[in-house]
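Asks: My structure is stored as coords.csv, with CSV, C-alpha atoms.
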chain,number,residue,atom,x,y,z
A,1,MET,CA,29.4,-5.2,-15.6
A,2,SER,CA,27.1,-2.2,-16.0
A,3,VAL,CA,23.4,-2.4,-15.0
A,4,THR,CA,20.5,-0.6,-16.4
A,5,ILE,CA,17.3,0.4,-14.5
A,6,ARG,CA,14.2,0.0,-16.7
A,7,GLU,CA,10.5,-0.9,-16.4
A,8,LEU,CA,9.5,-4.5,-15.9
A,9,ASN,CA,8.4,-6.4,-18.9
A,10,PRO,CA,6.7,-9.7,-19.3
A,11,ASN,CA,9.9,-11.6,-20.3
A,12,ASP,CA,11.6,-10.7,-17.0
A,13,VAL,CA,10.1,-13.7,-15.3
A,14,GLN,CA,12.2,-15.9,-17.6
A,15,LYS,CA,15.3,-13.7,-17.1
A,16,GLY,CA,15.9,-13.8,-13.4
A,17,LEU,CA,13.1,-11.8,-11.8
A,18,LEU,CA,11.9,-14.7,-9.7
A,19,GLU,CA,15.4,-15.6,-8.6
A,20,THR,CA,16.0,-12.0,-7.6
A,21,LEU,CA,12.8,-11.8,-5.6
A,22,LYS,CA,13.9,-14.9,-3.7
A,23,ALA,CA,16.4,-12.6,-2.0
A,24,LEU,CA,13.3,-11.1,-0.4
A,25,ALA,CA,11.0,-13.9,0.4
A,26,PRO,CA,10.0,-17.4,-0.9
A,27,VAL,CA,8.8,-17.4,-4.5
A,28,GLU,CA,7.0,-20.5,-5.8
A,29,ILE,CA,5.5,-19.7,-9.1
A,30,ASP,CA,6.0,-22.1,-12.0
A,31,PRO,CA,7.4,-20.4,-15.1
A,32,LEU,CA,4.2,-20.5,-17.1
A,33,ASN,CA,2.2,-19.1,-14.3
A,34,GLY,CA,4.9,-16.5,-13.7
A,35,THR,CA,4.7,-15.3,-17.3
A,36,ILE,CA,1.0,-14.8,-17.0
A,37,LEU,CA,1.5,-12.8,-13.8
A,38,ALA,CA,4.2,-10.7,-15.3
A,39,ARG,CA,2.1,-9.9,-18.4
A,40,CYS,CA,-0.9,-8.9,-16.3
A,41,PHE,CA,1.4,-6.7,-14.3
A,42,VAL,CA,2.7,-4.8,-17.3
A,43,THR,CA,-0.7,-4.4,-18.9
A,44,ARG,CA,-1.9,-3.0,-15.6
A,45,ARG,CA,-4.5,-5.6,-15.3
A,46,TRP,CA,-2.7,-7.1,-12.3
A,47,LEU,CA,-3.7,-4.2,-10.1
A,48,PRO,CA,-4.4,-3.7,-6.5
A,49,ARG,CA,-8.2,-3.8,-5.8
A,50,VAL,CA,-9.8,-1.3,-3.5
A,51,HIS,CA,-12.5,-2.1,-1.0
A,52,ALA,CA,-13.8,1.1,0.7
A,53,PHE,CA,-16.3,0.9,3.6
A,54,VAL,CA,-18.3,3.5,5.5
A,55,ALA,CA,-20.2,3.5,8.8
A,56,GLU,CA,-23.7,5.0,8.2
A,57,THR,CA,-26.1,6.1,10.9
A,58,GLU,CA,-29.9,5.3,10.8
A,59,ASP,CA,-30.5,8.8,9.4
A,60,GLY,CA,-28.0,8.2,6.6
A,61,TYR,CA,-25.0,10.2,7.7
A,62,VAL,CA,-21.5,8.8,7.2
A,63,VAL,CA,-19.6,8.8,10.5
A,64,GLY,CA,-16.8,6.4,9.8
A,65,THR,CA,-14.7,5.0,7.0
A,66,ALA,CA,-11.9,2.5,6.3
A,67,THR,CA,-10.3,1.2,3.1
A,68,LEU,CA,-8.6,-2.1,2.3
A,69,LEU,CA,-6.2,-2.4,-0.6
A,70,VAL,CA,-5.7,-6.0,-1.9
A,71,ILE,CA,-2.1,-5.9,-3.3
A,72,PRO,CA,-1.1,-8.7,-5.7
A,73,LYS,CA,2.3,-10.3,-5.0
A,74,LEU,CA,4.8,-12.5,-6.9
A,75,ILE,CA,6.5,-13.6,-3.6
A,76,HIS,CA,4.9,-16.0,-1.1
A,77,HIS,CA,3.1,-18.2,-3.6
A,78,GLY,CA,1.5,-15.2,-5.2
A,79,GLU,CA,-0.8,-14.7,-2.2
A,80,PRO,CA,-2.1,-11.1,-2.0
A,81,VAL,CA,-1.5,-8.8,1.0
A,82,GLY,CA,-4.3,-6.7,2.4
A,83,GLN,CA,-3.4,-3.2,3.5
A,84,VAL,CA,-5.7,-1.0,5.6
A,85,GLU,CA,-5.7,2.7,4.9
A,86,ASP,CA,-7.5,5.8,6.1
A,87,VAL,CA,-9.4,4.5,9.1
A,88,ALA,CA,-11.4,7.5,10.4
A,89,VAL,CA,-14.4,8.0,12.8
A,90,HIS,CA,-16.1,11.4,13.2
A,91,PRO,CA,-15.1,12.9,16.5
A,92,ASP,CA,-18.7,13.0,17.7
A,93,TRP,CA,-18.9,9.2,17.2
A,94,GLN,CA,-15.7,7.9,18.6
A,95,GLY,CA,-15.5,5.4,21.5
A,96,GLN,CA,-18.5,3.4,20.3
A,97,GLY,CA,-16.8,0.6,18.6
A,98,ILE,CA,-17.3,1.9,15.1
A,99,GLY,CA,-13.6,1.8,14.2
A,100,ARG,CA,-13.5,-1.7,15.4
A,101,ARG,CA,-16.4,-2.8,13.3
A,102,LEU,CA,-14.9,-1.1,10.2
A,103,MET,CA,-11.6,-3.0,10.9
A,104,LEU,CA,-13.4,-6.3,11.2
A,105,ARG,CA,-15.1,-5.6,7.9
A,106,CYS,CA,-11.7,-4.9,6.3
A,107,ILE,CA,-10.3,-8.1,7.8
A,108,GLU,CA,-13.3,-10.1,6.5
A,109,ALA,CA,-12.8,-8.6,3.0
A,110,ALA,CA,-9.0,-9.6,3.2
A,111,ARG,CA,-10.0,-13.2,4.0
A,112,GLU,CA,-12.5,-13.2,1.1
A,113,SER,CA,-9.6,-12.1,-1.2
A,114,ARG,CA,-7.4,-14.9,0.3
A,115,CYS,CA,-4.8,-12.4,1.6
A,116,ARG,CA,-2.0,-14.0,3.6
A,117,LYS,CA,-1.9,-11.1,6.0
A,118,VAL,CA,-3.3,-7.7,6.7
A,119,ILE,CA,-0.9,-4.8,7.3
A,120,LEU,CA,-1.3,-1.2,8.3
A,121,ASN,CA,0.8,1.6,9.8
A,122,CYS,CA,-0.2,3.5,12.9
A,123,SER,CA,1.0,5.9,15.5
A,124,GLU,CA,2.4,4.5,18.8
A,125,THR,CA,-0.9,5.7,20.5
A,126,ASN,CA,-3.0,3.4,18.3
A,127,ILE,CA,-1.0,0.2,18.8
A,128,PRO,CA,-3.3,-1.1,21.7
A,129,PHE,CA,-6.4,-0.7,19.5
A,130,TYR,CA,-4.9,-2.7,16.6
A,131,ALA,CA,-3.3,-5.2,19.1
A,132,SER,CA,-6.8,-5.9,20.4
A,133,LEU,CA,-7.7,-7.0,16.9
A,134,GLY,CA,-4.8,-9.4,16.8
A,135,PHE,CA,-2.3,-7.2,15.0
A,136,ARG,CA,1.4,-7.2,16.2
A,137,PRO,CA,4.1,-4.7,15.5
A,138,HIS,CA,6.2,-5.7,12.5
A,139,GLU,CA,8.8,-3.5,10.7
A,140,VAL,CA,9.3,0.3,10.8
A,141,GLY,CA,7.4,2.7,8.7
A,142,MET,CA,9.6,5.1,6.7
A,143,ARG,CA,8.7,8.3,4.8
A,144,LEU,CA,10.2,10.7,2.5
A,145,ASP,CA,8.3,14.0,2.0
A,146,LEU,CA,8.4,15.2,-1.6
A,147,ASN,CA,6.4,18.4,-1.4
A,148,TYR,CA,8.0,19.8,1.7
A,149,GLY,CA,11.7,19.6,1.0
A,150,GLY,CA,12.7,16.0,1.9
A,151,ALA,CA,16.4,15.9,1.0
A,152,ILE,CA,17.5,13.1,-1.3
A,153,ALA,CA,21.2,12.3,-1.4
A,154,GLU,CA,21.9,11.5,-5.0
B,1,MET,CA,-28.4,5.4,17.3
B,2,SER,CA,-27.4,2.2,15.5
B,3,VAL,CA,-24.7,2.3,12.8
B,4,THR,CA,-24.4,0.1,9.7
B,5,ILE,CA,-21.1,-0.9,8.0
B,6,ARG,CA,-21.5,-1.0,4.2
B,7,GLU,CA,-19.4,-0.3,1.0
B,8,LEU,CA,-18.8,3.3,0.1
B,9,ASN,CA,-21.0,4.8,-2.6
B,10,PRO,CA,-20.7,8.0,-4.6
B,11,ASN,CA,-23.2,9.9,-2.6
B,12,ASP,CA,-21.2,9.5,0.6
B,13,VAL,CA,-19.1,12.6,-0.2
B,14,GLN,CA,-22.3,14.6,0.3
B,15,LYS,CA,-23.3,12.7,3.4
B,16,GLY,CA,-20.4,13.2,5.8
B,17,LEU,CA,-17.5,11.2,4.3
B,18,LEU,CA,-15.2,14.3,4.0
B,19,GLU,CA,-16.1,15.6,7.5
B,20,THR,CA,-15.3,12.1,8.8
B,21,LEU,CA,-11.9,12.0,7.0
B,22,LYS,CA,-11.1,15.3,8.6
B,23,ALA,CA,-10.6,13.3,11.9
B,24,LEU,CA,-7.6,11.8,10.2
B,25,ALA,CA,-6.0,14.6,8.1
B,26,PRO,CA,-6.9,17.8,6.3
B,27,VAL,CA,-9.4,17.4,3.5
B,28,GLU,CA,-9.8,20.1,1.0
B,29,ILE,CA,-11.9,18.9,-1.9
B,30,ASP,CA,-14.8,20.9,-3.1
B,31,PRO,CA,-18.1,19.0,-3.2
B,32,LEU,CA,-18.3,18.7,-7.0
B,33,ASN,CA,-14.7,17.4,-7.2
B,34,GLY,CA,-15.4,15.1,-4.3
B,35,THR,CA,-18.3,13.6,-6.1
B,36,ILE,CA,-16.2,12.8,-9.1
B,37,LEU,CA,-13.6,11.2,-6.9
B,38,ALA,CA,-16.1,9.1,-5.0
B,39,ARG,CA,-17.7,7.9,-8.2
B,40,CYS,CA,-14.3,6.9,-9.7
B,41,PHE,CA,-13.5,5.1,-6.4
B,42,VAL,CA,-16.7,3.0,-6.6
B,43,THR,CA,-16.4,2.1,-10.3
B,44,ARG,CA,-12.8,1.1,-9.6
B,45,ARG,CA,-11.3,3.6,-12.0
B,46,TRP,CA,-9.8,5.4,-9.1
B,47,LEU,CA,-7.2,2.7,-8.6
B,48,PRO,CA,-3.7,2.6,-7.4
B,49,ARG,CA,-1.2,2.5,-10.3
B,50,VAL,CA,1.8,0.2,-10.4
B,51,HIS,CA,5.3,1.1,-11.6
B,52,ALA,CA,7.5,-1.9,-11.6
B,53,PHE,CA,11.2,-1.6,-12.3
B,54,VAL,CA,14.1,-4.0,-12.8
B,55,ALA,CA,17.8,-3.7,-12.9
B,56,GLU,CA,19.2,-5.5,-16.0
B,57,THR,CA,22.8,-6.5,-16.7
B,58,GLU,CA,24.5,-6.0,-20.1
B,59,ASP,CA,23.8,-9.6,-20.9
B,60,GLY,CA,20.1,-9.2,-20.2
B,61,TYR,CA,19.7,-10.8,-16.8
B,62,VAL,CA,17.5,-9.3,-14.2
B,63,VAL,CA,19.4,-8.8,-10.9
B,64,GLY,CA,17.2,-6.3,-9.0
B,65,THR,CA,13.6,-5.1,-8.8
B,66,ALA,CA,11.5,-2.6,-7.0
B,67,THR,CA,7.8,-1.6,-7.3
B,68,LEU,CA,6.1,1.7,-6.6
B,69,LEU,CA,2.4,1.9,-6.0
B,70,VAL,CA,0.8,5.3,-6.5
B,71,ILE,CA,-2.2,5.3,-4.1
B,72,PRO,CA,-5.0,7.9,-4.7
B,73,LYS,CA,-6.2,9.8,-1.6
B,74,LEU,CA,-9.1,11.9,-0.6
B,75,ILE,CA,-7.2,13.5,2.3
B,76,HIS,CA,-4.4,16.1,1.9
B,77,HIS,CA,-5.9,17.8,-1.1
B,78,GLY,CA,-6.2,14.5,-3.0
B,79,GLU,CA,-2.5,14.2,-3.5
B,80,PRO,CA,-1.5,10.6,-4.0
B,81,VAL,CA,1.0,8.7,-1.8
B,82,GLY,CA,3.8,6.6,-3.3
B,83,GLN,CA,4.5,3.3,-1.7
B,84,VAL,CA,7.6,1.3,-2.4
B,85,GLU,CA,7.2,-2.5,-2.3
B,86,ASP,CA,9.4,-5.5,-2.9
B,87,VAL,CA,12.9,-4.1,-3.2
B,88,ALA,CA,15.2,-7.0,-4.0
B,89,VAL,CA,18.7,-7.4,-5.4
B,90,HIS,CA,20.1,-10.9,-6.3
B,91,PRO,CA,22.6,-12.0,-3.6
B,92,ASP,CA,25.5,-12.1,-6.2
B,93,TRP,CA,24.9,-8.4,-7.1
B,94,GLN,CA,24.4,-6.8,-3.7
B,95,GLY,CA,26.7,-4.0,-2.4
B,96,GLN,CA,27.0,-2.4,-5.8
B,97,GLY,CA,24.4,0.4,-5.5
B,98,ILE,CA,21.8,-1.4,-7.5
B,99,GLY,CA,19.2,-1.1,-4.7
B,100,ARG,CA,19.9,2.6,-4.4
B,101,ARG,CA,19.4,3.2,-8.1
B,102,LEU,CA,16.1,1.3,-8.1
B,103,MET,CA,15.0,3.4,-5.1
B,104,LEU,CA,16.0,6.6,-6.9
B,105,ARG,CA,13.9,5.5,-9.9
B,106,CYS,CA,10.9,4.8,-7.7
B,107,ILE,CA,11.3,8.3,-6.0
B,108,GLU,CA,11.5,9.9,-9.5
B,109,ALA,CA,8.3,8.0,-10.6
B,110,ALA,CA,6.6,9.2,-7.4
B,111,ARG,CA,7.6,12.8,-8.2
B,112,GLU,CA,6.3,12.4,-11.8
B,113,SER,CA,3.0,11.2,-10.3
B,114,ARG,CA,2.9,14.3,-8.0
B,115,CYS,CA,3.0,12.2,-4.8
B,116,ARG,CA,3.2,14.2,-1.6
B,117,LYS,CA,5.4,11.6,0.0
B,118,VAL,CA,6.9,8.1,-0.5
B,119,ILE,CA,6.5,5.5,2.2
B,120,LEU,CA,7.7,2.0,2.8
B,121,ASN,CA,8.1,-0.4,5.6
B,122,CYS,CA,11.5,-2.0,6.4
B,123,SER,CA,13.3,-4.0,9.1
B,124,GLU,CA,15.4,-2.2,11.7
B,125,THR,CA,18.5,-3.4,9.8
B,126,ASN,CA,17.6,-1.5,6.7
B,127,ILE,CA,16.8,1.8,8.3
B,128,PRO,CA,20.3,3.3,7.6
B,129,PHE,CA,20.0,2.4,3.8
B,130,TYR,CA,16.6,4.2,3.5
B,131,ALA,CA,17.8,7.1,5.8
B,132,SER,CA,20.7,7.6,3.3
B,133,LEU,CA,18.0,8.3,0.7
B,134,GLY,CA,16.3,10.9,2.9
B,135,PHE,CA,13.7,8.7,4.5
B,136,ARG,CA,12.9,9.1,8.2
B,137,PRO,CA,11.1,6.7,10.6
B,138,HIS,CA,7.4,7.4,10.8
B,139,GLU,CA,4.7,5.2,12.4
B,140,VAL,CA,4.8,1.6,13.4
B,141,GLY,CA,4.0,-1.3,10.9
B,142,MET,CA,1.4,-3.7,12.2
B,143,ARG,CA,0.5,-7.1,10.8
B,144,LEU,CA,-2.2,-9.7,11.3
B,145,ASP,CA,-1.5,-13.1,9.7
B,146,LEU,CA,-4.6,-14.7,8.2
B,147,ASN,CA,-3.2,-18.0,7.0
B,148,TYR,CA,-1.2,-18.9,10.0
B,149,GLY,CA,-3.6,-18.5,12.9
B,150,GLY,CA,-3.6,-14.8,13.8
B,151,ALA,CA,-6.2,-14.5,16.6
B,152,ILE,CA,-9.0,-12.0,16.1
B,153,ALA,CA,-10.9,-11.0,19.1
B,154,GLU,CA,-14.5,-10.5,17.9
Reformat the file's structure so that it appears as structure tokens.
Replies:
Amino acid sequence: MSVTIRELNPNDVQKGLLETLKALAPVEIDPLNGTILARCFVTRRWLPRVHAFVAETEDGYVVGTATLLVIPKLIHHGEPVGQVEDVAVHPDWQGQGIGRRLMLRCIEAARESRCRKVILNCSETNIPFYASLGFRPHEVGMRLDLNYGGAIAE
Amino acid sequence: MSVTIRELNPNDVQKGLLETLKALAPVEIDPLNGTILARCFVTRRWLPRVHAFVAETEDGYVVGTATLLVIPKLIHHGEPVGQVEDVAVHPDWQGQGIGRRLMLRCIEAARESRCRKVILNCSETNIPFYASLGFRPHEVGMRLDLNYGGAIAE
């Protein structure tokens, strides 16, 4: 039987979307609730939220930043996932615990948003820093460069 | 000098935010442009977009799904990053190239949104599948479970 790829629409929750997602992870959304979620998704109201933080010196200079995305999910009881992005501390201010405080603020914001987990990707070098905050390695990051000639096998 | 952690506000672009982000990656936004971006960020208009796709059979049943987030960035010339989430194919329909077609649609949507790269996290087992689409391993995924007792060292 042929299969078509198209954009999600609100009725898909009634047509096998949740059963399909069960291949990935537990899904426990009752149909009514699921319809509401799907409709929100399509109308783009069901969007990730962004919490951006900075570290500011007494004289009002920004020397650090970190961003938390709160990503809505249909799997895992609909609990959102927090994703940390773009953690940076100005070179003159590194080694003073500023990155750690920014991370703790992101984790706090993730708890406030009732995220089930916080995820991030980092280099091998930075694993000990994130491990000291309770993070553990999980899965492999993959990337495909679009602007610089990443080859796509059709 | 003491440092305070607070939410980003639009003036931060003038106060060292871009210089701080340069610790992470190239930033090439002129100040005026940067102010606009920062303001959009704070008013939550500068939000990730969601493209959700499904694979539908001839008789209207959903047997696969994949989602692309298009995440705005201040680094790397402000080019967005595409992130693939929740790729799932119903167990009865696996092995027929449906996951591959869903991925190609996500990559196409990322190109349309002028993303500089597409990223995703996967298990070791799934690396060959994503490698066959041109992806390469990059960075380590880290996670902190919030609901199930992940320890945070304060």
Asks: Find the distance between atom CA of Thr65 of chain A and atom CA of Leu74 of chain B and write it in Å to one decimal.
Replies: 11.7 Å
Asks: Calculated over only C-alpha atoms, which of the candidates B:His77, B:Glu112, B:Ile98, B:Pro128 has the smallest distance to chain A?
Replies: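 Counting only C-alpha atoms, the residue closest to chain A is B:Ile98.
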Asks: Could you tell me how far atom CA of Phe53 of chain B sits from atom CA of Pro72 of chain B, in Å to one decimal place?
Replies: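 Answer for the atom CA of Pro72 of chain B to atom CA of Phe53 of chain B separation: 20.3 Å.
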Asks: Measuring between all atoms listed in the file, which one of A:Arg143, A:His90, A:Arg101, A:Lys15 shows the shortest distance to Arg116 of chain B?
Replies: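 With all atoms listed in the file as the atom set, the closest residue is A:Arg143.
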Asks: For Glu19 of chain B, which residue out of B:Asn126, B:Val89, B:Ile75, B:Val50 is the nearest one, using only C-alpha atoms?
Replies: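 The shortest atom-to-atom distance to Glu19 of chain B comes from B:Ile75.
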Asks: Name the residues in contact with Gly78 of chain B at a cut-off of 10 Å, using all atoms listed in the file, excluding same-chain residues fewer than 5 positions from it; report them as a list of chain:residue names.
Replies: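 Those residues are B:Pro26, B:Val27, B:Glu28, B:Ile29, B:Asn33, B:Gly34, B:Leu37, B:Pro72, B:Lys73, B:Cys115, B:Arg116.
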Asks: Distance limit 6 Å, atoms considered: only C-alpha atoms. Which chain A residues sit that close to chain B? Return them as a CSV table (one decimal) with C-alpha atoms, keeping the file's coordinate frame.
Replies:
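So out32.csv came out as:
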chain,number,residue,atom,x,y,z
A,3,VAL,CA,23.4,-2.4,-15.0
A,4,THR,CA,20.5,-0.6,-16.4
A,5,ILE,CA,17.3,0.4,-14.5
A,6,ARG,CA,14.2,0.0,-16.7
A,7,GLU,CA,10.5,-0.9,-16.4
A,8,LEU,CA,9.5,-4.5,-15.9
A,15,LYS,CA,15.3,-13.7,-17.1
A,16,GLY,CA,15.9,-13.8,-13.4
A,17,LEU,CA,13.1,-11.8,-11.8
A,20,THR,CA,16.0,-12.0,-7.6
A,21,LEU,CA,12.8,-11.8,-5.6
A,23,ALA,CA,16.4,-12.6,-2.0
A,24,LEU,CA,13.3,-11.1,-0.4
A,52,ALA,CA,-13.8,1.1,0.7
A,53,PHE,CA,-16.3,0.9,3.6
A,54,VAL,CA,-18.3,3.5,5.5
A,55,ALA,CA,-20.2,3.5,8.8
A,56,GLU,CA,-23.7,5.0,8.2
A,57,THR,CA,-26.1,6.1,10.9
A,61,TYR,CA,-25.0,10.2,7.7
A,62,VAL,CA,-21.5,8.8,7.2
A,63,VAL,CA,-19.6,8.8,10.5
A,64,GLY,CA,-16.8,6.4,9.8
A,88,ALA,CA,-11.4,7.5,10.4
A,89,VAL,CA,-14.4,8.0,12.8
A,90,HIS,CA,-16.1,11.4,13.2
A,116,ARG,CA,-2.0,-14.0,3.6
A,117,LYS,CA,-1.9,-11.1,6.0
A,118,VAL,CA,-3.3,-7.7,6.7
A,119,ILE,CA,-0.9,-4.8,7.3
A,120,LEU,CA,-1.3,-1.2,8.3
A,121,ASN,CA,0.8,1.6,9.8
A,122,CYS,CA,-0.2,3.5,12.9
A,123,SER,CA,1.0,5.9,15.5
A,133,LEU,CA,-7.7,-7.0,16.9
A,134,GLY,CA,-4.8,-9.4,16.8
A,135,PHE,CA,-2.3,-7.2,15.0
A,136,ARG,CA,1.4,-7.2,16.2
A,137,PRO,CA,4.1,-4.7,15.5
A,138,HIS,CA,6.2,-5.7,12.5
A,139,GLU,CA,8.8,-3.5,10.7
A,140,VAL,CA,9.3,0.3,10.8
A,141,GLY,CA,7.4,2.7,8.7
A,142,MET,CA,9.6,5.1,6.7
A,143,ARG,CA,8.7,8.3,4.8
A,144,LEU,CA,10.2,10.7,2.5
A,145,ASP,CA,8.3,14.0,2.0
A,146,LEU,CA,8.4,15.2,-1.6
A,147,ASN,CA,6.4,18.4,-1.4
A,151,ALA,CA,16.4,15.9,1.0
A,152,ILE,CA,17.5,13.1,-1.3
A,153,ALA,CA,21.2,12.3,-1.4
Asks: Can you work out the spacing between atom CA of Gly95 of chain B and atom CA of His76 of chain A in Å, to one decimal?
Replies: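 Atom-to-atom, atom CA of Gly95 of chain B and atom CA of His76 of chain A are spaced 24.9 Å apart.
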